[in-house]
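Enquirer: The structure file entry_24.pdb (PDB, C-alpha atoms) is provided below.
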ATOM      1  CA  MET A   1      51.521   5.418-143.053
ATOM      2  CA  LYS A   2      49.216   8.023-144.631
ATOM      3  CA  SER A   3      49.492  10.286-141.586
ATOM      4  CA  VAL A   4      53.308  10.122-141.723
ATOM      5  CA  LEU A   5      53.199  11.034-145.423
ATOM      6  CA  LYS A   6      50.868  13.973-144.694
ATOM      7  CA  ILE A   7      53.209  15.246-141.961
ATOM      8  CA  LEU A   8      56.193  14.989-144.318
ATOM      9  CA  ILE A   9      54.332  16.906-147.033
ATOM     10  CA  ILE A  10      53.298  19.638-144.588
ATOM     11  CA  MET A  11      56.836  19.950-143.196
ATOM     12  CA  SER A  12      58.326  20.056-146.701
ATOM     13  CA  SER A  13      55.854  22.766-147.693
ATOM     14  CA  MET A  14      56.711  24.842-144.620
ATOM     15  CA  ILE A  15      60.449  24.550-145.306
ATOM     16  CA  PHE A  16      59.926  25.516-148.952
ATOM     17  CA  LEU A  17      57.780  28.525-148.049
ATOM     18  CA  SER A  18      60.220  29.756-145.410
ATOM     19  CA  ALA A  19      63.093  29.421-147.882
ATOM     20  CA  THR A  20      61.284  31.305-150.640
ATOM     21  CA  THR A  21      59.741  34.103-148.575
ATOM     22  CA  GLN A  22      62.595  36.116-147.123
ATOM     23  CA  ASP A  23      62.093  39.234-145.058
ATOM     24  CA  CYS A  24      64.408  41.536-146.963
ATOM     25  CA  SER A  25      63.062  44.641-145.230
ATOM     26  CA  ILE A  26      66.061  44.296-142.879
ATOM     27  CA  LEU A  27      68.050  46.122-145.573
ATOM     28  CA  LYS A  28      65.891  49.223-145.483
ATOM     29  CA  ASN A  29      67.221  51.988-143.208
ATOM     30  CA  ASN A  30      69.834  49.885-141.462
ATOM     31  CA  THR A  31      73.590  49.630-141.169
ATOM     32  CA  PHE A  32      75.785  46.630-141.964
ATOM     33  CA  THR A  33      79.376  45.562-142.322
ATOM     34  CA  TYR A  34      81.130  43.251-144.732
ATOM     35  CA  ARG A  35      84.701  42.069-145.115
ATOM     36  CA  ASN A  36      86.896  43.233-147.981
ATOM     37  CA  GLY A  37      90.054  41.247-147.433
ATOM     38  CA  SER A  38      91.142  42.096-143.912
ATOM     39  CA  ASP A  39      89.208  45.391-143.864
ATOM     40  CA  LYS A  40      85.695  45.857-142.499
ATOM     41  CA  VAL A  41      83.462  48.010-144.699
ATOM     42  CA  LEU A  42      80.570  49.942-143.156
ATOM     43  CA  VAL A  43      77.405  50.013-145.314
ATOM     44  CA  VAL A  44      74.483  52.356-144.632
ATOM     45  CA  PHE A  45      71.087  51.958-146.299
ATOM     46  CA  SER A  46      69.038  55.133-145.781
ATOM     47  CA  GLY A  47      65.893  55.525-147.844
ATOM     48  CA  GLU A  48      66.986  55.305-151.458
ATOM     49  CA  GLN A  49      70.640  55.938-150.579
ATOM     50  CA  HIS A  50      73.397  53.365-150.115
ATOM     51  CA  THR A  51      76.801  54.467-148.794
ATOM     52  CA  GLU A  52      79.881  52.352-148.195
ATOM     53  CA  TYR A  53      82.647  53.607-145.914
ATOM     54  CA  HIS A  54      86.065  52.072-146.578
ATOM     55  CA  GLN A  55      89.287  52.216-144.552
ATOM     56  CA  ASN A  56      87.766  53.797-141.426
ATOM     57  CA  LYS A  57      85.657  56.277-143.434
ATOM     58  CA  LYS A  58      88.618  57.566-145.425
ATOM     59  CA  TYR A  59      86.893  56.606-148.686
ATOM     60  CA  THR A  60      83.241  56.327-149.713
ATOM     61  CA  ILE A  61      81.098  54.875-152.462
ATOM     62  CA  LYS A  62      77.652  56.454-152.816
ATOM     63  CA  SER A  63      74.835  54.836-154.757
ATOM     64  CA  THR A  64      71.076  55.046-155.174
ATOM     65  CA  VAL A  65      68.889  52.031-154.478
ATOM     66  CA  ARG A  66      65.928  51.079-156.665
ATOM     67  CA  TRP A  67      63.943  48.132-155.340
ATOM     68  CA  ILE A  68      62.538  45.975-158.162
ATOM     69  CA  SER A  69      61.002  43.315-155.915
ATOM     70  CA  LYS A  70      60.907  42.505-152.201
ATOM     71  CA  CYS A  71      64.372  40.931-152.316
ATOM     72  CA  GLU A  72      65.989  42.400-155.431
ATOM     73  CA  TYR A  73      67.366  45.854-156.066
ATOM     74  CA  ILE A  74      69.586  47.805-158.408
ATOM     75  CA  LEU A  75      72.425  49.964-157.103
ATOM     76  CA  THR A  76      73.435  52.845-159.362
ATOM     77  CA  ILE A  77      76.875  54.145-158.465
ATOM     78  CA  ASN A  78      76.851  57.948-158.224
ATOM     79  CA  GLU A  79      80.087  58.913-156.514
ATOM     80  CA  SER A  80      83.317  57.348-155.264
ATOM     81  CA  ASN A  81      86.684  58.517-154.010
ATOM     82  CA  LEU A  82      87.984  54.968-153.460
ATOM     83  CA  PRO A  83      91.352  54.588-155.241
ATOM     84  CA  ASN A  84      91.372  52.139-158.176
ATOM     85  CA  PHE A  85      87.605  51.746-158.010
ATOM     86  CA  PRO A  86      86.783  49.423-160.928
ATOM     87  CA  PHE A  87      83.322  50.800-161.790
ATOM     88  CA  LYS A  88      82.345  53.957-163.663
ATOM     89  CA  MET A  89      79.814  56.398-162.283
ATOM     90  CA  GLY A  90      76.349  55.383-163.452
ATOM     91  CA  THR A  91      77.204  51.664-163.347
ATOM     92  CA  LYS A  92      74.227  49.569-162.277
ATOM     93  CA  LEU A  93      74.693  46.482-160.111
ATOM     94  CA  PHE A  94      71.861  43.991-159.737
ATOM     95  CA  ILE A  95      71.601  42.477-156.244
ATOM     96  CA  LYS A  96      69.445  39.526-155.263
ATOM     97  CA  VAL A  97      69.084  38.555-151.611
ATOM     98  CA  ASN A  98      69.444  34.777-151.377
ATOM     99  CA  LYS A  99      68.619  34.386-147.697
ATOM    100  CA  VAL A 100      68.343  36.251-144.435
ATOM    101  CA  ARG A 101      69.392  34.472-141.258
ATOM    102  CA  GLY A 102      69.141  36.600-138.137
ATOM    103  CA  LYS A 103      71.441  39.587-138.658
ATOM    104  CA  LYS A 104      73.127  38.076-141.747
ATOM    105  CA  VAL A 105      72.052  38.834-145.300
ATOM    106  CA  TYR A 106      73.459  36.578-148.036
ATOM    107  CA  TYR A 107      73.272  37.995-151.551
ATOM    108  CA  THR A 108      74.448  37.668-155.136
ATOM    109  CA  SER A 109      75.592  40.743-157.084
ATOM    110  CA  SER A 110      75.606  40.731-160.875
ATOM    111  CA  LEU A 111      77.165  43.023-163.441
ATOM    112  CA  ALA A 112      77.799  42.514-167.168
ATOM    113  CA  GLY A 113      77.274  38.757-167.054
ATOM    114  CA  ARG A 114      79.513  38.250-164.014
ATOM    115  CA  SER A 115      78.266  37.552-160.511
ATOM    116  CA  TRP A 116      79.682  37.116-157.028
ATOM    117  CA  GLU A 117      78.274  36.271-153.630
ATOM    118  CA  GLY A 118      78.588  38.215-150.427
ATOM    119  CA  LYS A 119      77.336  38.578-146.876
ATOM    120  CA  LEU A 120      76.258  41.649-144.920
ATOM    121  CA  VAL A 121      76.031  41.595-141.127
ATOM    122  CA  LYS A 122      73.600  44.029-139.478
ATOM    123  CA  ILE A 123      75.000  46.101-136.660
ATOM    124  CA  ASP A 124      72.947  47.677-133.902
ATOM    125  CA  ASN A 125      72.484  51.408-133.222
ATOM    126  CA  PHE A 126      75.085  51.496-130.457
ATOM    127  CA  THR A 127      77.664  50.037-132.819
ATOM    128  CA  ILE A 128      76.644  52.496-135.555
ATOM    129  CA  LYS A 129      77.381  55.487-133.310
ATOM    130  CA  GLU A 130      80.641  53.876-132.272
ATOM    131  CA  LYS A 131      81.663  53.173-135.892
ATOM    132  CA  LEU A 132      80.730  56.648-137.148
ATOM    133  CA  SER A 133      82.670  58.377-134.377
ATOM    134  CA  GLN A 134      85.923  56.583-135.248
TER
END
Could you render the structure from this file as structure tokens?
Expert:
Amino acid sequence: MKSVLKILIIMSSMIFLSATTQDCSILKNNTFTYRNGSDKVLVVFSGEQHTEYHQNKKYTIKSTVRWISKCEYILTINESNLPNFPFKMGTKLFIKVNKVRGKKVYYTSSLAGRSWEGKLVKIDNFTIKEKLSQ
């Protein structure tokens, strides 16, 4: 009975540690997509820059990224030509990565006491070239 209890404690500890120690470095210098309604948005993280390409690169949102921990960062919006964009330039969004599963990054964004969840899906280099040439 004691050995079963020890195994359960060890397994529980491993699950807890794997859930609390995410590898958020996937976000650094990579490209992702997310869904905005029926549209796919291309997101590029490059150094301290974050750029979103909307409606087949017709519109962009450009922000700077400031990492405040391994899995938390602040996006400061610098530029946008997206029609009816609800945020002012200089707006800061707080993002916390909740979990990383393979190529999927689940996160929570917060602004002015409101928050919403989202998911980014990493795309490979071949797909990046294909997406940027469209």
Enquirer: Between A:Met89, A:Val105, A:Ala112, A:Val121, single out the one closest to A:Cys71, counting only C-alpha atoms.
Expert: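 Of A:Met89, A:Val105, A:Ala112, A:Val121, the one nearest A:Cys71 is A:Val105, counting only C-alpha atoms.
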Enquirer: Considering only C-alpha atoms, can you say which of A:Leu111, A:Ile95, A:Leu120, A:Leu27 comes closest to A:Ser46?
Expert: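 Nearest to A:Ser46: A:Leu27.
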Enquirer: Counting all atoms listed in the file, which residue out of A:Lys122, A:Gly113, A:Tyr34, A:Glu79 sits closest to A:Val100?
Expert: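 Using all atoms listed in the file, the shortest distance to A:Val100 belongs to A:Lys122.
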Enquirer: So how far away is atom CA of A:Pro83 from atom CA of A:Gly118, in Å?
Expert: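 Straight-line distance from atom CA of A:Gly118 to atom CA of A:Pro83 works out to 21.3 Å.
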Enquirer: Taking the file as shown, what set of residues would the PyMOL selection byres ((chain A and resi 88) around 12) give back, as a ChimeraX atom specification?
Expert: /A:61,63,76-82,84-87,89-93
Enquirer: Please report the interatomic distance between atom CA of A:Glu48 and atom CA of A:Tyr73 in Å with one decimal.
Expert: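 Interatomic distance here is 10.5 Å.
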Enquirer: Can you tell me which residues surround A:Lys99 at a distance of at most 12 Å, considering all atoms listed in the file, apart from same-chain residues fewer than 2 positions away, and format the answer as a PyMOL selection string?
Expert: chain A and resi 18-27+71-72+96-97+101-108+117-120
Enquirer: Just how far from atom CA of A:Asn56 is atom CA of A:Asn98, in Å to one decimal?
Expert: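 Interatomic distance, atom CA of A:Asn98 to atom CA of A:Asn56: 28.2 Å.
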Enquirer: For A:Asn29, which residue among A:Ser110, A:Asp124, A:Ser69, A:Tyr59 is the nearest when counting all atoms listed in the file?
Expert: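 Among the listed residues, A:Asp124 lies closest to A:Asn29.
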Enquirer: Given the choices A:Lys58, A:Gly47, A:Glu52, A:Ile74, which gets closest to A:Arg35 if the distance is worked out from only C-alpha atoms?
Expert: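 Result for the nearest residue to A:Arg35: A:Glu52.
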